[in-house]
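Structure first, commentary second.
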2 protein chains.
Amino acid sequence: MLRLVFVEASLETIPKSIANHPSVLSDAKRRKKRPTEMILDDSKHHLAMKSLEKREKRGRPDIIHQCLLLALDSPIEDLEIFVHTINDIVIWINRETRLPRNYNRFIGLMEDLFKKGEIKADGTLLKITDLSLRDVLRDRKVVVMSEKGKEKDIGSGDVAVCIGAFPHGDFDEKNVELFRELNAEFVSIAKRPVTALYTTCRVISSFQRISP
Amino acid sequence: MLRLVFVEASLETIPKSIANHPSVLSDAKRRKKRPTEMILDDSKHHLAMKSLEKREKRGRPDIIHQCLLLALDSPIEDLEIFVHTINDIVIWINRETRLPRNYNRFIGLMEDLFKKGEIKADGTLLKITDLSLRDVLRDRKVVVMSEKGKEKDIGSGDVAVCIGAFPHGDFDEKNVELFRELNAEFVSIAKRPVTALYTTCRVISSFQRISP
């Protein structure tokens, strides 16, 4: 059983502190949404984001979108998927979910999820849980994909593989401490920083049961 | 040297025959573009597309966007990338291109490319060539990723790997004939149809030189 855990995903609704910025308000008006019900998107709210803490890690929902599409596309059967966000929310992704492949539709779905807490259609597809990152890691071997890790085989078997789903920088210090406390193994797949999408590709391929 | 060739990519500007459809005109007005200079997008122009031939294979530029991001993210050094479109246009992609990761920005860039024929910034990044699909395949061993192929190793070395970049259905008959004429090997990676993104993932991983 592979448990994929995307960590510190750059996915959140617009924080109140910037909800009245002109670039947010004009987008909200055009989309007929409340500012704080919209997903933060650096490509639209760049100017508004200047005042945000850790802004270089925020407003990039395209990253988790592409990673989730690739993970869900894989025929791996015994696969679990969790998304931990930059705000410490943990989202459970039903492995059978057919996620919108179009970016703008994905954003609409995420806005729905943050508003309702759950997306249903013949059962639950996506759900904001009350779990912590620790909860989804503590019952199994943990592998953390990190350019600072060792270049070695990603592994197989019952394992939780953590992939950072933010654009720049390192994992938050409190999460690094959690990884260490759980005796996580830090594994690198390349000699230079690589994207979350490429990392997901390599992890998925490594766990692929069907030949080759 | 791996040459990745995305075949029949679902990427084109809006055909004249539907340029006056209301769903196209309203989008053109909003974006302040000429209808025929916009990229066809099923998520926006769905109603207009009803009259198009082979419509199930068209209007899905998200597919080639995600495949290109993944291919360009890979650290494979000796990699060439070509995109053959459903209209038999062949686009050369500079391996060093930093493609927009945001979908809407990618669409804007593709509109620019179809208008100007080339995107430059310190050299050519993307270029519409006068090559045919045959031209980019005929000088090397050809592997075609196809659910109808044999489950076997994708290969390595000097090879052109063809990946269909359309949402449904098979390669066009004339392209299948070309593959056969070139003695292409048909390779499958799963027992059921898989997406272009997942196929790209497996091909990229297979050619990855850096351990593991």
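Residue numbering restarts at 1 for every chain of the structure tokens, chains are lettered A, B, ... in their displayed order, and ligands are numbered from 1 as they appear.
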
Selection: 12 Å around stretch 70-78 of chain A, only C-alpha atoms, excl. self and same-chain fewer than 5 positions, as an MDAnalysis selection string
(chainID A and resid 1:6 63:65 83 93:101 156:159 163 196:211) or (chainID B and resid 63 66:67 69:70 189:202)

Restricting the output to C-alpha atoms, write the selected residues as a compact mmCIF listing (two decimals), in the first residue's frame.
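The resulting file, result-v8.txt, is reproduced below:
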# COMPACT_ATOMS: atom_id res chain seq x y z
CA MET A 1 0.00 0.00 0.00
CA LEU A 2 1.47 3.32 -1.11
CA ARG A 3 0.21 6.35 0.79
CA LEU A 4 1.08 9.50 -1.13
CA VAL A 5 1.12 12.57 1.09
CA PHE A 6 1.53 15.94 -0.56
CA ILE A 63 1.17 22.40 -8.52
CA ILE A 64 -1.16 20.16 -6.52
CA HIS A 65 -3.56 20.01 -9.48
CA VAL A 83 -3.08 16.54 0.64
CA ILE A 93 -8.70 12.22 -1.91
CA ASN A 94 -10.79 9.24 -2.95
CA ARG A 95 -8.58 7.19 -5.24
CA GLU A 96 -11.50 6.79 -7.69
CA THR A 97 -12.05 10.54 -8.03
CA ARG A 98 -12.08 11.84 -11.58
CA LEU A 99 -10.59 15.22 -10.92
CA PRO A 100 -11.29 18.03 -13.46
CA ARG A 101 -8.33 18.11 -15.83
CA SER A 156 8.15 -0.19 -1.99
CA GLY A 157 5.72 -1.92 0.32
CA ASP A 158 3.70 -0.20 3.06
CA VAL A 159 5.08 3.26 3.08
CA ILE A 163 6.25 15.13 -1.56
CA ALA A 196 6.71 18.31 -7.38
CA LEU A 197 5.26 17.02 -10.65
CA TYR A 198 8.50 15.34 -11.67
CA THR A 199 8.96 13.92 -8.18
CA THR A 200 5.43 12.48 -8.28
CA CYS A 201 6.27 10.94 -11.66
CA ARG A 202 9.32 9.17 -10.28
CA VAL A 203 7.54 7.97 -7.14
CA ILE A 204 4.57 6.66 -9.13
CA SER A 205 6.86 4.87 -11.59
CA SER A 206 8.83 3.35 -8.76
CA PHE A 207 5.71 1.82 -7.22
CA GLN A 208 4.20 0.72 -10.48
CA ARG A 209 3.37 -2.97 -10.20
CA ILE A 210 2.53 -3.60 -13.84
CA SER A 211 5.49 -4.43 -16.06
CA ILE B 63 -3.24 17.53 -22.19
CA GLN B 66 0.72 18.89 -18.63
CA CYS B 67 2.81 16.48 -20.73
CA LEU B 69 5.62 20.45 -18.17
CA LEU B 70 6.51 16.96 -17.03
CA ILE B 189 2.50 0.14 -20.26
CA ALA B 190 -0.83 -0.94 -18.78
CA LYS B 191 -3.65 -3.33 -19.35
CA ARG B 192 -6.19 -0.53 -19.68
CA PRO B 193 -6.18 2.82 -21.51
CA VAL B 194 -4.00 5.33 -19.68
CA THR B 195 -3.63 9.08 -20.07
CA ALA B 196 -0.99 10.91 -22.06
CA LEU B 197 0.31 12.41 -18.80
CA TYR B 198 0.77 9.03 -17.18
CA THR B 199 2.37 7.64 -20.34
CA THR B 200 4.81 10.56 -20.41
CA CYS B 201 5.61 9.85 -16.76
CA ARG B 202 6.49 6.24 -17.47

Exercise: B:Val143 partners within 10 Å, only C-alpha atoms, chain neighbours under 3 positions left out, as a PyMOL selection string:
chain B and resi 4-5+137+140+146+149+154-155+159-163+179+182-187

Could you name the residues that touch B:Tyr103 at 7 Å or less, counting only C-alpha atoms, but leaving out those on the same chain fewer than 3 positions away, as a list in words?
Tyr103 of chain A; Phe106 and Ile107 of chain B

What residues in stretch 43-123 of chain A get the DSSP label alpha helix (DSSP H)? Please answer as a PDB file with N, CA, C and O atoms, in the first residue's frame.
ATOM      1  N   SER A  43      -1.051  33.936 -10.137  1.00  0.00           N
ATOM      2  CA  SER A  43      -1.153  34.478 -11.493  1.00  0.00           C
ATOM      3  C   SER A  43      -2.231  35.562 -11.580  1.00  0.00           C
ATOM      4  O   SER A  43      -2.243  36.353 -12.505  1.00  0.00           O
ATOM      5  N   LYS A  44      -3.140  35.582 -10.592  1.00  0.00           N
ATOM      6  CA  LYS A  44      -4.195  36.609 -10.594  1.00  0.00           C
ATOM      7  C   LYS A  44      -4.027  37.619  -9.461  1.00  0.00           C
ATOM      8  O   LYS A  44      -4.452  38.750  -9.576  1.00  0.00           O
ATOM      9  N   HIS A  45      -3.476  37.158  -8.327  1.00  0.00           N
ATOM     10  CA  HIS A  45      -3.461  38.001  -7.124  1.00  0.00           C
ATOM     11  C   HIS A  45      -2.053  38.372  -6.707  1.00  0.00           C
ATOM     12  O   HIS A  45      -1.772  38.606  -5.539  1.00  0.00           O
ATOM     13  N   PRO A  61      -1.846  26.801  -6.749  1.00  0.00           N
ATOM     14  CA  PRO A  61      -2.669  25.582  -6.765  1.00  0.00           C
ATOM     15  C   PRO A  61      -2.458  24.721  -8.009  1.00  0.00           C
ATOM     16  O   PRO A  61      -2.830  23.549  -8.021  1.00  0.00           O
ATOM     17  N   ASP A  62      -1.832  25.291  -9.033  1.00  0.00           N
ATOM     18  CA  ASP A  62      -1.525  24.489 -10.236  1.00  0.00           C
ATOM     19  C   ASP A  62      -0.626  23.302  -9.883  1.00  0.00           C
ATOM     20  O   ASP A  62      -0.698  22.247 -10.516  1.00  0.00           O
ATOM     21  N   ILE A  63       0.225  23.469  -8.868  1.00  0.00           N
ATOM     22  CA  ILE A  63       1.171  22.401  -8.523  1.00  0.00           C
ATOM     23  C   ILE A  63       0.430  21.158  -8.022  1.00  0.00           C
ATOM     24  O   ILE A  63       0.636  20.053  -8.527  1.00  0.00           O
ATOM     25  N   ILE A  64      -0.445  21.341  -7.052  1.00  0.00           N
ATOM     26  CA  ILE A  64      -1.158  20.164  -6.521  1.00  0.00           C
ATOM     27  C   ILE A  64      -2.127  19.617  -7.581  1.00  0.00           C
ATOM     28  O   ILE A  64      -2.340  18.397  -7.654  1.00  0.00           O
ATOM     29  N   HIS A  65      -2.672  20.494  -8.410  1.00  0.00           N
ATOM     30  CA  HIS A  65      -3.561  20.015  -9.481  1.00  0.00           C
ATOM     31  C   HIS A  65      -2.843  18.998 -10.366  1.00  0.00           C
ATOM     32  O   HIS A  65      -3.320  17.883 -10.583  1.00  0.00           O
ATOM     33  N   GLN A  66      -1.672  19.383 -10.853  1.00  0.00           N
ATOM     34  CA  GLN A  66      -0.950  18.503 -11.774  1.00  0.00           C
ATOM     35  C   GLN A  66      -0.463  17.217 -11.084  1.00  0.00           C
ATOM     36  O   GLN A  66      -0.516  16.130 -11.669  1.00  0.00           O
ATOM     37  N   CYS A  67      -0.017  17.359  -9.839  1.00  0.00           N
ATOM     38  CA  CYS A  67       0.432  16.164  -9.103  1.00  0.00           C
ATOM     39  C   CYS A  67      -0.722  15.186  -8.886  1.00  0.00           C
ATOM     40  O   CYS A  67      -0.550  13.970  -9.038  1.00  0.00           O
ATOM     41  N   LEU A  68      -1.878  15.714  -8.515  1.00  0.00           N
ATOM     42  CA  LEU A  68      -3.027  14.835  -8.263  1.00  0.00           C
ATOM     43  C   LEU A  68      -3.481  14.151  -9.549  1.00  0.00           C
ATOM     44  O   LEU A  68      -3.816  12.960  -9.536  1.00  0.00           O
ATOM     45  N   LEU A  69      -3.495  14.893 -10.659  1.00  0.00           N
ATOM     46  CA  LEU A  69      -3.897  14.261 -11.919  1.00  0.00           C
ATOM     47  C   LEU A  69      -2.993  13.075 -12.225  1.00  0.00           C
ATOM     48  O   LEU A  69      -3.462  11.983 -12.563  1.00  0.00           O
ATOM     49  N   LEU A  70      -1.692  13.290 -12.086  1.00  0.00           N
ATOM     50  CA  LEU A  70      -0.751  12.218 -12.408  1.00  0.00           C
ATOM     51  C   LEU A  70      -0.932  11.033 -11.459  1.00  0.00           C
ATOM     52  O   LEU A  70      -0.974   9.877 -11.899  1.00  0.00           O
ATOM     53  N   ALA A  71      -1.080  11.314 -10.168  1.00  0.00           N
ATOM     54  CA  ALA A  71      -1.239  10.218  -9.200  1.00  0.00           C
ATOM     55  C   ALA A  71      -2.528   9.436  -9.491  1.00  0.00           C
ATOM     56  O   ALA A  71      -2.527   8.200  -9.494  1.00  0.00           O
ATOM     57  N   LEU A  72      -3.607  10.152  -9.750  1.00  0.00           N
ATOM     58  CA  LEU A  72      -4.885   9.478 -10.001  1.00  0.00           C
ATOM     59  C   LEU A  72      -4.888   8.750 -11.343  1.00  0.00           C
ATOM     60  O   LEU A  72      -5.606   7.769 -11.522  1.00  0.00           O
ATOM     61  N   ASP A  73      -4.088   9.217 -12.296  1.00  0.00           N
ATOM     62  CA  ASP A  73      -3.977   8.551 -13.602  1.00  0.00           C
ATOM     63  C   ASP A  73      -3.302   7.191 -13.500  1.00  0.00           C
ATOM     64  O   ASP A  73      -3.483   6.342 -14.367  1.00  0.00           O
ATOM     65  N   TYR A 103      -7.752  23.348 -15.539  1.00  0.00           N
ATOM     66  CA  TYR A 103      -7.314  24.095 -14.356  1.00  0.00           C
ATOM     67  C   TYR A 103      -8.435  24.935 -13.750  1.00  0.00           C
ATOM     68  O   TYR A 103      -8.650  24.914 -12.536  1.00  0.00           O
ATOM     69  N   ASN A 104      -9.146  25.673 -14.588  1.00  0.00           N
ATOM     70  CA  ASN A 104     -10.161  26.583 -14.042  1.00  0.00           C
ATOM     71  C   ASN A 104     -11.292  25.799 -13.368  1.00  0.00           C
ATOM     72  O   ASN A 104     -11.858  26.245 -12.374  1.00  0.00           O
ATOM     73  N   ARG A 105     -11.600  24.635 -13.899  1.00  0.00           N
ATOM     74  CA  ARG A 105     -12.629  23.802 -13.259  1.00  0.00           C
ATOM     75  C   ARG A 105     -12.129  23.196 -11.952  1.00  0.00           C
ATOM     76  O   ARG A 105     -12.891  23.024 -11.004  1.00  0.00           O
ATOM     77  N   PHE A 106     -10.853  22.863 -11.929  1.00  0.00           N
ATOM     78  CA  PHE A 106     -10.257  22.367 -10.678  1.00  0.00           C
ATOM     79  C   PHE A 106     -10.357  23.433  -9.590  1.00  0.00           C
ATOM     80  O   PHE A 106     -10.720  23.142  -8.445  1.00  0.00           O
ATOM     81  N   ILE A 107     -10.044  24.670  -9.950  1.00  0.00           N
ATOM     82  CA  ILE A 107     -10.124  25.774  -8.978  1.00  0.00           C
ATOM     83  C   ILE A 107     -11.555  25.898  -8.451  1.00  0.00           C
ATOM     84  O   ILE A 107     -11.772  26.032  -7.234  1.00  0.00           O
ATOM     85  N   GLY A 108     -12.529  25.810  -9.348  1.00  0.00           N
ATOM     86  CA  GLY A 108     -13.928  25.877  -8.915  1.00  0.00           C
ATOM     87  C   GLY A 108     -14.264  24.755  -7.933  1.00  0.00           C
ATOM     88  O   GLY A 108     -14.942  24.969  -6.926  1.00  0.00           O
ATOM     89  N   LEU A 109     -13.751  23.567  -8.203  1.00  0.00           N
ATOM     90  CA  LEU A 109     -14.007  22.427  -7.318  1.00  0.00           C
ATOM     91  C   LEU A 109     -13.355  22.619  -5.947  1.00  0.00           C
ATOM     92  O   LEU A 109     -13.950  22.310  -4.910  1.00  0.00           O
ATOM     93  N   MET A 110     -12.145  23.142  -5.951  1.00  0.00           N
ATOM     94  CA  MET A 110     -11.454  23.384  -4.668  1.00  0.00           C
ATOM     95  C   MET A 110     -12.200  24.453  -3.863  1.00  0.00           C
ATOM     96  O   MET A 110     -12.301  24.357  -2.634  1.00  0.00           O
ATOM     97  N   GLU A 111     -12.728  25.455  -4.537  1.00  0.00           N
ATOM     98  CA  GLU A 111     -13.504  26.490  -3.830  1.00  0.00           C
ATOM     99  C   GLU A 111     -14.740  25.866  -3.180  1.00  0.00           C
ATOM    100  O   GLU A 111     -15.093  26.173  -2.042  1.00  0.00           O
ATOM    101  N   ASP A 112     -15.353  24.970  -3.916  1.00  0.00           N
ATOM    102  CA  ASP A 112     -16.495  24.221  -3.385  1.00  0.00           C
ATOM    103  C   ASP A 112     -16.099  23.389  -2.172  1.00  0.00           C
ATOM    104  O   ASP A 112     -16.819  23.314  -1.182  1.00  0.00           O
ATOM    105  N   LEU A 113     -14.954  22.726  -2.276  1.00  0.00           N
ATOM    106  CA  LEU A 113     -14.474  21.873  -1.186  1.00  0.00           C
ATOM    107  C   LEU A 113     -14.215  22.691   0.081  1.00  0.00           C
ATOM    108  O   LEU A 113     -14.626  22.296   1.178  1.00  0.00           O
ATOM    109  N   PHE A 114     -13.552  23.823  -0.069  1.00  0.00           N
ATOM    110  CA  PHE A 114     -13.244  24.636   1.116  1.00  0.00           C
ATOM    111  C   PHE A 114     -14.528  25.217   1.720  1.00  0.00           C
ATOM    112  O   PHE A 114     -14.607  25.437   2.917  1.00  0.00           O
ATOM    113  N   LYS A 115     -15.530  25.435   0.884  1.00  0.00           N
ATOM    114  CA  LYS A 115     -16.784  26.003   1.386  1.00  0.00           C
ATOM    115  C   LYS A 115     -17.616  24.940   2.109  1.00  0.00           C
ATOM    116  O   LYS A 115     -18.141  25.166   3.196  1.00  0.00           O
ATOM    117  N   LYS A 116     -17.690  23.745   1.500  1.00  0.00           N
ATOM    118  CA  LYS A 116     -18.592  22.704   2.014  1.00  0.00           C
ATOM    119  C   LYS A 116     -17.888  21.665   2.892  1.00  0.00           C
ATOM    120  O   LYS A 116     -18.546  20.908   3.609  1.00  0.00           O
TER     121      LYS A 116
END

Restricting the calculation to only C-alpha atoms: of B:Asp41, B:Pro35, B:Thr129, B:Val90, which residue gets closest to chain A?
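Nearest candidate to chain A out of B:Asp41, B:Pro35, B:Thr129, B:Val90: B:Asp41.
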
Could you go through stretch 46-82 of chain A and tell me which residues DSSP, when run on the backbone, assigns to strand (DSSP E or B), listing them as a PyMOL selection string?
chain A and resi 79-82

Write to file, as a PDB file, in the first residue's frame, the residues of the selection just made, with N, CA and C atoms.
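As written to disk, selection.pdb reads:
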ATOM      1  N   LEU A  79      -3.455   2.414  -3.495  1.00  0.00           N
ATOM      2  CA  LEU A  79      -2.913   3.763  -3.388  1.00  0.00           C
ATOM      3  C   LEU A  79      -3.859   4.621  -2.557  1.00  0.00           C
ATOM      4  N   GLU A  80      -3.310   5.314  -1.583  1.00  0.00           N
ATOM      5  CA  GLU A  80      -4.069   6.300  -0.808  1.00  0.00           C
ATOM      6  C   GLU A  80      -3.452   7.668  -1.051  1.00  0.00           C
ATOM      7  N   ILE A  81      -4.277   8.686  -1.085  1.00  0.00           N
ATOM      8  CA  ILE A  81      -3.755  10.030  -1.361  1.00  0.00           C
ATOM      9  C   ILE A  81      -4.293  11.025  -0.339  1.00  0.00           C
ATOM     10  N   PHE A  82      -3.364  11.756   0.289  1.00  0.00           N
ATOM     11  CA  PHE A  82      -3.726  12.850   1.191  1.00  0.00           C
ATOM     12  C   PHE A  82      -2.999  14.119   0.746  1.00  0.00           C
TER      13      PHE A  82
END

Write out as number ranges by chain each polymer residue whose atoms come within 6 Å of B:Thr13, counting only C-alpha atoms; drop sequence neighbours fewer than 5 positions from it.
B: 36-40

Given the selection you just returned, output its residues as a file containing all heavy atoms, formatted as a compact mmCIF listing (two decimals), in the first residue's frame.
# COMPACT_ATOMS: atom_id res chain seq x y z
N THR B 36 -10.56 33.51 -34.26
CA THR B 36 -9.67 32.53 -34.89
C THR B 36 -8.23 32.63 -34.38
O THR B 36 -7.37 31.86 -34.81
CB THR B 36 -9.66 32.69 -36.43
OG1 THR B 36 -9.35 34.06 -36.73
CG2 THR B 36 -11.01 32.31 -37.01
N GLU B 37 -7.97 33.57 -33.48
CA GLU B 37 -6.63 33.64 -32.87
C GLU B 37 -6.63 33.01 -31.48
O GLU B 37 -5.61 33.01 -30.80
CB GLU B 37 -6.17 35.11 -32.76
CG GLU B 37 -5.82 35.69 -34.12
CD GLU B 37 -5.35 37.15 -34.05
OE1 GLU B 37 -5.39 37.75 -32.97
OE2 GLU B 37 -4.95 37.66 -35.10
N MET B 38 -7.78 32.48 -31.07
CA MET B 38 -7.86 31.84 -29.74
C MET B 38 -7.67 30.33 -29.87
O MET B 38 -8.04 29.72 -30.88
CB MET B 38 -9.21 32.12 -29.08
CG MET B 38 -9.46 33.61 -28.80
SD MET B 38 -10.85 33.85 -27.67
CE MET B 38 -12.14 32.97 -28.54
N ILE B 39 -7.13 29.73 -28.82
CA ILE B 39 -6.97 28.27 -28.78
C ILE B 39 -8.33 27.63 -28.48
O ILE B 39 -9.03 28.06 -27.57
CB ILE B 39 -5.93 27.87 -27.70
CG1 ILE B 39 -4.53 28.42 -28.04
CG2 ILE B 39 -5.89 26.35 -27.51
CD1 ILE B 39 -3.86 27.79 -29.24
N LEU B 40 -8.67 26.62 -29.25
CA LEU B 40 -9.92 25.88 -29.05
C LEU B 40 -9.88 25.15 -27.70
O LEU B 40 -8.92 24.44 -27.41
CB LEU B 40 -10.11 24.87 -30.19
CG LEU B 40 -11.42 24.08 -30.20
CD1 LEU B 40 -12.61 24.99 -30.51
CD2 LEU B 40 -11.36 22.95 -31.23

Of the candidates B:Arg30, B:Asp135, B:Ala48, B:Leu125, which one gets nearest to chain A if we count only C-alpha atoms?
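Looking at the shortest contact to chain A, the residue is B:Arg30.
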
Counting only C-alpha atoms, the residue among A:Arg55, A:Arg60, A:His84, A:Arg180 that lies closest to chain B is A:Arg60

Take atom CA of A:Pro167 and atom CA of B:Leu11 and report the distance between them in Å, one decimal.
27.0 Å

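Atom CA of A:Asp88 is positioned 20.6 Å from atom CA of A:Ala19.
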
Within 6 Å of A:Ala9 using only C-alpha atoms, minus same-chain residues under 6 positions, as an mmCIF file with N, CA and C atoms, in the first residue's frame:
data_model
loop_
_atom_site.group_PDB
_atom_site.id
_atom_site.type_symbol
_atom_site.label_atom_id
_atom_site.label_comp_id
_atom_site.auth_asym_id
_atom_site.auth_seq_id
_atom_site.Cartn_x
_atom_site.Cartn_y
_atom_site.Cartn_z
ATOM 1 N N THR A 85 -2.092 20.881 3.490
ATOM 2 C CA THR A 85 -1.880 22.204 2.898
ATOM 3 C C THR A 85 -0.958 23.061 3.750
ATOM 4 N N ILE A 86 -0.568 24.173 3.179
ATOM 5 C CA ILE A 86 0.318 25.115 3.857
ATOM 6 C C ILE A 86 -0.311 25.630 5.157
ATOM 7 N N ALA A 165 4.566 20.098 -2.072
ATOM 8 C CA ALA A 165 3.764 20.570 -3.203
ATOM 9 C C ALA A 165 3.685 22.092 -3.192
ATOM 10 N N PHE A 166 4.857 22.689 -2.992
ATOM 11 C CA PHE A 166 4.980 24.152 -2.997
ATOM 12 C C PHE A 166 6.092 24.514 -3.981
#

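Here atom CA of B:Met145 and atom CA of B:Gly59 stand 21.7 Å from one another.
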
Of the candidates B:Thr124, B:Asn102, B:Ser23, B:Asn175, which one gets nearest to chain A if we count only C-alpha atoms?
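Closest candidate: B:Asn102.
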
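Distance check against chain A using only C-alpha atoms: of B:Lys54, B:Gly164, B:Glu173, B:Ser188, the minimum falls on B:Ser188.
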
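Here the question is which of A:Leu126, A:Asp172, A:Leu178, A:Ala121 gets nearest to A:Val142 using only C-alpha atoms, and that residue is A:Leu178.
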